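Accompanying notes for the structure given below.
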Amino acid sequence: MIKSLYTAASGMNAQQTQLDNIANNIANANTTGFKRSRVEFQDLVYENLRGVAPTAQGTTVPSELQVGGGARVVAAVKNFETGSPQSTGNALDIMIRGEGFFQVLMPDGTIGYTRDGSWKLSSEGQIVNSDGLPLEPPMTIPTDAVGIMIDPDGRVLITTTTTTEPSEIGRIELARFINPAGLSNIGGNLYKQTVASGDPLVAEPGIDGNGTLDQGYLEASNVKIVNEMIALITAQRSYELNSKSVRTADDMIGIAANLKR
Amino acid sequence: MIKGIHTSAMAMRQGILRQEITADNLANANTTAFKRDRMFARELLAAESAQSNPLSIETERWTDFAPGAFNPTGDSFDLALQNRGFFVVSDGTNEFYTRNGHFERSADGQMVDVMGRAVQGEGGNITQPAGLMTVSPDGTVSVDGTVIDRLRVVNFDDPQTLLKAAGSAFIRSEETAAELPVESPVVRQGFLEGSNVDAVHEMVNMISTARTYEINARLLTTQDETLRHTVNEVGRV
């Protein structure tokens, strides 16, 4: 009896986590390069109440009597489906079409990975992200540049006041992971490599399966509001159903307690 | 008289067990590929229960292997089996059978499930290079167009003998006969099989369980009352 209380509680906890996750997805429905995540549930260990054994009549019970202990959340799985392109017309807005991540140099010297391609220029002309973290490998736009062109293969070309032919000042590199779902979110649209993600495979865009670049576009969040709303309704109702289990179990305990008057 | 009290108590214990199973089913109403459990009680032969055994009801569990709804996820590592059968995952010593096709690629490129158990292909563990994985309907796994392996899909003649393990998985019991390979599986990429728990069904079960429990409790107290009368009032002038 007490077991069904805990079973129902585990279900309610799992749904609570689901709601937290949905809330985060919806809150980031307009975040550039955001990747939605989905909560993966799992049933808990089963208690074997009776083994397969001959009964009093000498027949064998066909299956063991197993009672499960509820559900839990095992993982929040990130979905790296590419978001839809949004045209901005800004020369330093770059979208990756296909796989791969931009790399930024974190203040602690490690590399952060992002799909958010809304780059800015620092006061020294260096290409940085919205938080001022420099793109890796570093690239500086000369002060006399008038036009910046980024081709699909990642070459950064500039035209200056004195030249008419665009000249290459560097090439953007992308990193790819065997298991991108294993990356850990560190906020600020950045991911960090983990044991689960494996080591980054760094290459130029369009090479070794990396996506190509699109200048003047940003990648929208891949959150689908309708799907999130449906998940929200399901989670809320499941929560309610589990609370009914709690209530019923409680009533049953109450009845048992009132047997002796 | 005393035996009657035991019979009512036994029925109440059945109710508790039934409620535990309903609670577990409801808790897993959103668990990928969860298969709901049903419980049925069986009365022992009247002749036998008239002897010494007051525990006159036997309980059996039965797993409903009906497929759940297919939910599109758009994730290439989500697979659903359209016909009968199970994917096979291995933790190195034991093989587990599951219809939960949510897989991942581990850091060393192995195809694993959420608990890190290796998905079994026809050539054992499936190791993949980085790249876009596609799974054709017959279970052939390719990365960037190169065929890697084919998923092992098996079925059992007597799935009721399988034991449940955590993670919507099953393991074989001593009773389970040999697995049968599914020759032509239909694997759908980008879908997951939902839980087959039906909320309406479970709520109806819950109501009937609670009421049956209540009736048995009432029977028990009635018998207790009768006993009290017998003890305290019979023979009094």
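In the structure tokens, the first chain shown is A, the next is B, and so on; residue numbers restart at 1 for each chain, and ligands run from 1 in the order shown.
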Which residues of chain A come within 6 Å of chain B, and what is each one's closest atom pair and distance in Å (one decimal), counting only C-alpha atoms, sorted by chain and residue number, as JSON lines?
```
{"residue": "A:Met1", "atom": "CA", "partner": "B:Ile16", "partner_atom": "CA", "distance": 5.5}
{"residue": "A:Ser4", "atom": "CA", "partner": "B:Glu20", "partner_atom": "CA", "distance": 4.6}
{"residue": "A:Thr7", "atom": "CA", "partner": "B:Asp24", "partner_atom": "CA", "distance": 5.9}
{"residue": "A:Ala8", "atom": "CA", "partner": "B:Ala23", "partner_atom": "CA", "distance": 5.6}
{"residue": "A:Gly11", "atom": "CA", "partner": "B:Ala27", "partner_atom": "CA", "distance": 4.1}
{"residue": "A:Phe41", "atom": "CA", "partner": "B:Thr31", "partner_atom": "CA", "distance": 4.8}
{"residue": "A:Gln42", "atom": "CA", "partner": "B:Gly167", "partner_atom": "CA", "distance": 4.8}
{"residue": "A:Asp43", "atom": "CA", "partner": "B:Gly167", "partner_atom": "CA", "distance": 5.3}
{"residue": "A:Leu44", "atom": "CA", "partner": "B:Ala166", "partner_atom": "CA", "distance": 5.0}
{"residue": "A:Val45", "atom": "CA", "partner": "B:Ala166", "partner_atom": "CA", "distance": 4.9}
{"residue": "A:Ser63", "atom": "CA", "partner": "B:Thr161", "partner_atom": "CA", "distance": 5.5}
{"residue": "A:Leu65", "atom": "CA", "partner": "B:Arg61", "partner_atom": "CA", "distance": 5.3}
{"residue": "A:Gly68", "atom": "CA", "partner": "B:Asp24", "partner_atom": "CA", "distance": 5.7}
{"residue": "A:Gly70", "atom": "CA", "partner": "B:Asp24", "partner_atom": "CA", "distance": 4.7}
{"residue": "A:Ala71", "atom": "CA", "partner": "B:Asn28", "partner_atom": "CA", "distance": 5.6}
{"residue": "A:Ile178", "atom": "CA", "partner": "B:Ala130", "partner_atom": "CA", "distance": 4.6}
{"residue": "A:Asn179", "atom": "CA", "partner": "B:Arg105", "partner_atom": "CA", "distance": 5.2}
{"residue": "A:Ala196", "atom": "CA", "partner": "B:Ala107", "partner_atom": "CA", "distance": 4.9}
{"residue": "A:Ser197", "atom": "CA", "partner": "B:Ala107", "partner_atom": "CA", "distance": 5.2}
{"residue": "A:Gly198", "atom": "CA", "partner": "B:Ala107", "partner_atom": "CA", "distance": 4.2}
{"residue": "A:Ser245", "atom": "CA", "partner": "B:Ala23", "partner_atom": "CA", "distance": 5.6}
```
Mind listing the strand (DSSP E) residues of stretch 147-190 of chain B, per DSSP on the backbone, as an MDAnalysis selection string? chainID B and resid 147:150 153:155 163:165 169:171 180:181 187:189
For atom CA of B:Arg84 and atom CA of B:Asp198, quote the distance in Å rounded to one decimal. 19.8 Å
If you count only C-alpha atoms, which residues fall within 7 Å of A:Thr161, apart from same-chain ones fewer than 6 positions away, as an NGL selection string? :A and (144-146)
Name the closest residue to A:Met106 among the candidates A:Leu121, A:Leu174, A:Ile186, A:Ala231; distances are taken between atoms, counting only C-alpha atoms.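 For A:Met106, the nearest of the candidates is A:Ile186.
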With only C-alpha atoms as the counted atoms, please give the residues lying no more than 9 Å from stretch 179-183 of chain B, apart from itself and same-chain residues fewer than 6 positions off, as a list of chain:residue names.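 Near neighbours after the sequence-gap exclusion: B:Arg84, B:Gly85, B:Phe86, B:Asp138, B:Arg152, B:Val153, B:Val154, B:Asn155, B:Phe156, B:Asp157.
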May I have the selected residues written with N, CA and C atoms, as a short mmCIF file (atom, residue, chain, number, x, y, z; two decimals), in the first residue's frame?
```cif
data_model
loop_
_atom_site.label_atom_id
_atom_site.label_comp_id
_atom_site.auth_asym_id
_atom_site.auth_seq_id
_atom_site.Cartn_x
_atom_site.Cartn_y
_atom_site.Cartn_z
N ARG B 84 5.57 -7.03 -34.79
CA ARG B 84 5.94 -7.64 -33.52
C ARG B 84 7.43 -7.86 -33.44
N GLY B 85 7.94 -7.95 -32.23
CA GLY B 85 9.36 -8.22 -32.07
C GLY B 85 10.01 -7.25 -31.11
N PHE B 86 11.29 -7.46 -30.89
CA PHE B 86 12.04 -6.64 -29.95
C PHE B 86 13.41 -6.32 -30.53
N ASP B 138 14.00 -2.25 -43.27
CA ASP B 138 14.35 -3.64 -42.94
C ASP B 138 15.39 -3.72 -41.83
N ARG B 152 19.40 -6.45 -35.06
CA ARG B 152 18.83 -7.76 -34.76
C ARG B 152 17.45 -7.54 -34.17
N VAL B 153 16.45 -8.10 -34.77
CA VAL B 153 15.09 -8.00 -34.24
C VAL B 153 14.61 -9.43 -33.99
N VAL B 154 14.18 -9.69 -32.77
CA VAL B 154 13.76 -11.05 -32.42
C VAL B 154 12.36 -11.06 -31.84
N ASN B 155 11.78 -12.21 -31.79
CA ASN B 155 10.46 -12.35 -31.19
C ASN B 155 10.43 -13.65 -30.40
N PHE B 156 9.40 -13.81 -29.61
CA PHE B 156 9.24 -15.01 -28.79
C PHE B 156 7.86 -15.59 -29.00
N ASP B 157 7.80 -16.91 -28.94
CA ASP B 157 6.50 -17.57 -29.03
C ASP B 157 5.70 -17.36 -27.75
#
```
